[in-house]
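Notes follow once the structure below has been shown.
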Amino acid sequence: MDKAGIKHDPRNARKHNPRNVGLIESSIQRDGFGRSILLANDGTVIAGNATIDAASSAGFDDVIVVESDGTKVIAVKRTDVAPGSKEFHNLALADNRAAELAGWDPAVLAELSGELDLSQFFYEDELAEALASVP
């Protein structure tokens with residue numbers, strides 16, 4: 001993946017575990033690639049760190065980068081997947097389930113809470129629970 005200058009976000013607040021990344025990798029191997037990732041202007045992953053890991057493990061190293069200023073929706077159209085097909089449902093379920101299997105890194109969230117207003121992403125009790133293990 002580094003061919004496209006893609007690099008992980010060292011302060012990614014999302015924690016990915018082997019089951020989470022493995023589900024994405026299995027989906028890629030079974031049904032091909034179905035999700036884009038989001039990069040900053042220097043190639044740092046904003047969203048999709050686990051997807052990059054899974055794609056690398058699955059042997060995908062060819063990347064198409066679409067440049068955008070954020071004013072347009074970018075959609076990936078799978079020309080080989082029909083609505084209602086097995087692949088259609090496999091891709092949808094894998095995408096949603098993989099997101100559920102990821103967790104939050106409390107230390108990174110705590111660090112970011114000093115810089116950002118996290119109330120736009122979490123209810124007060126959810127954030128308190130996510131940060132409970134931080135000393």
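How things are named: the first chain in the structure tokens is A, the next is B, and so on; residues count from 1 in each chain; ligands count from 1 in the order shown.
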Subject >> Distance query Asn12 (chain A) at most 8 Å, only C-alpha atoms, self and fewer than 4 positions along chain excluded, as an MDAnalysis selection string >> reply: chainID A and resid 8 46 105 108
Keeping only C-alpha atoms, write the selected residues to a file as a PDB file, in the first residue's frame.
ATOM      1  CA  HIS A   8      -1.424   5.023   9.108  1.00  0.00           C
ATOM      2  CA  ILE A  46      -8.229   9.573   8.121  1.00  0.00           C
ATOM      3  CA  ASP A 105      -8.551   3.446  22.120  1.00  0.00           C
ATOM      4  CA  VAL A 108      -6.136   8.389  22.234  1.00  0.00           C
TER       5      VAL A 108
END
**OP:** Output as a PyMOL selection string all residues of region 20-65 of chain A that backbone DSSP marks as strand (DSSP E or B).
**Re:** chain A and resi 38-39+44-47
Subject >> Selected residue of minimal separation from Leu131 (chain A) among A:Val45, A:Ala13, A:Ser68, A:Arg19, counting only C-alpha atoms >> reply: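 Under the stated criterion, the closest residue is A:Ala13.
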Need to verify the contact set: Arg78 (chain A), 10 Å, only C-alpha atoms, exclusion of same-chain residues closer than 6 positions in sequence. Can you return it as a compact mmCIF listing (two decimals) with N, CA and C atoms, in the first residue's frame?
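This is the output file selection_13.txt:
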# COMPACT_ATOMS: atom_id res chain seq x y z
N GLY A 32 -13.93 -9.44 -3.18
CA GLY A 32 -13.23 -8.30 -3.75
C GLY A 32 -13.38 -7.06 -2.89
N PHE A 33 -12.80 -6.00 -3.36
CA PHE A 33 -12.76 -4.76 -2.59
C PHE A 33 -14.06 -4.00 -2.79
N GLY A 34 -14.59 -3.43 -1.71
CA GLY A 34 -15.87 -2.76 -1.81
C GLY A 34 -15.97 -1.42 -1.13
N ARG A 35 -14.92 -0.97 -0.49
CA ARG A 35 -15.00 0.27 0.29
C ARG A 35 -13.80 1.14 0.00
N PHE A 88 -23.52 -8.97 -3.05
CA PHE A 88 -24.14 -7.73 -2.56
C PHE A 88 -24.33 -7.81 -1.05
Original post:
So which bits of region 3-34 of chain A end up alpha helix (DSSP H) when you DSSP the backbone, as a ChimeraX atom specification?
Top reply: /A:18-31
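CA of Ala107 (chain A) to CA of Phe122 (chain A) spans 15.7 Å [interatomic distance, one decimal].
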Subject >> Within 12 Å of Pro18 (chain A) using only C-alpha atoms, minus same-chain residues under 6 positions, as an NGL selection string >> reply: :A and (24-26 or 50 or 53-54 or 57 or 98 or 101-103)
**OP:** Between CA of Asn20 (chain A) and CA of Ser36 (chain A), measure the distance and give it in Å to one decimal.
**Re:** 16.9 Å
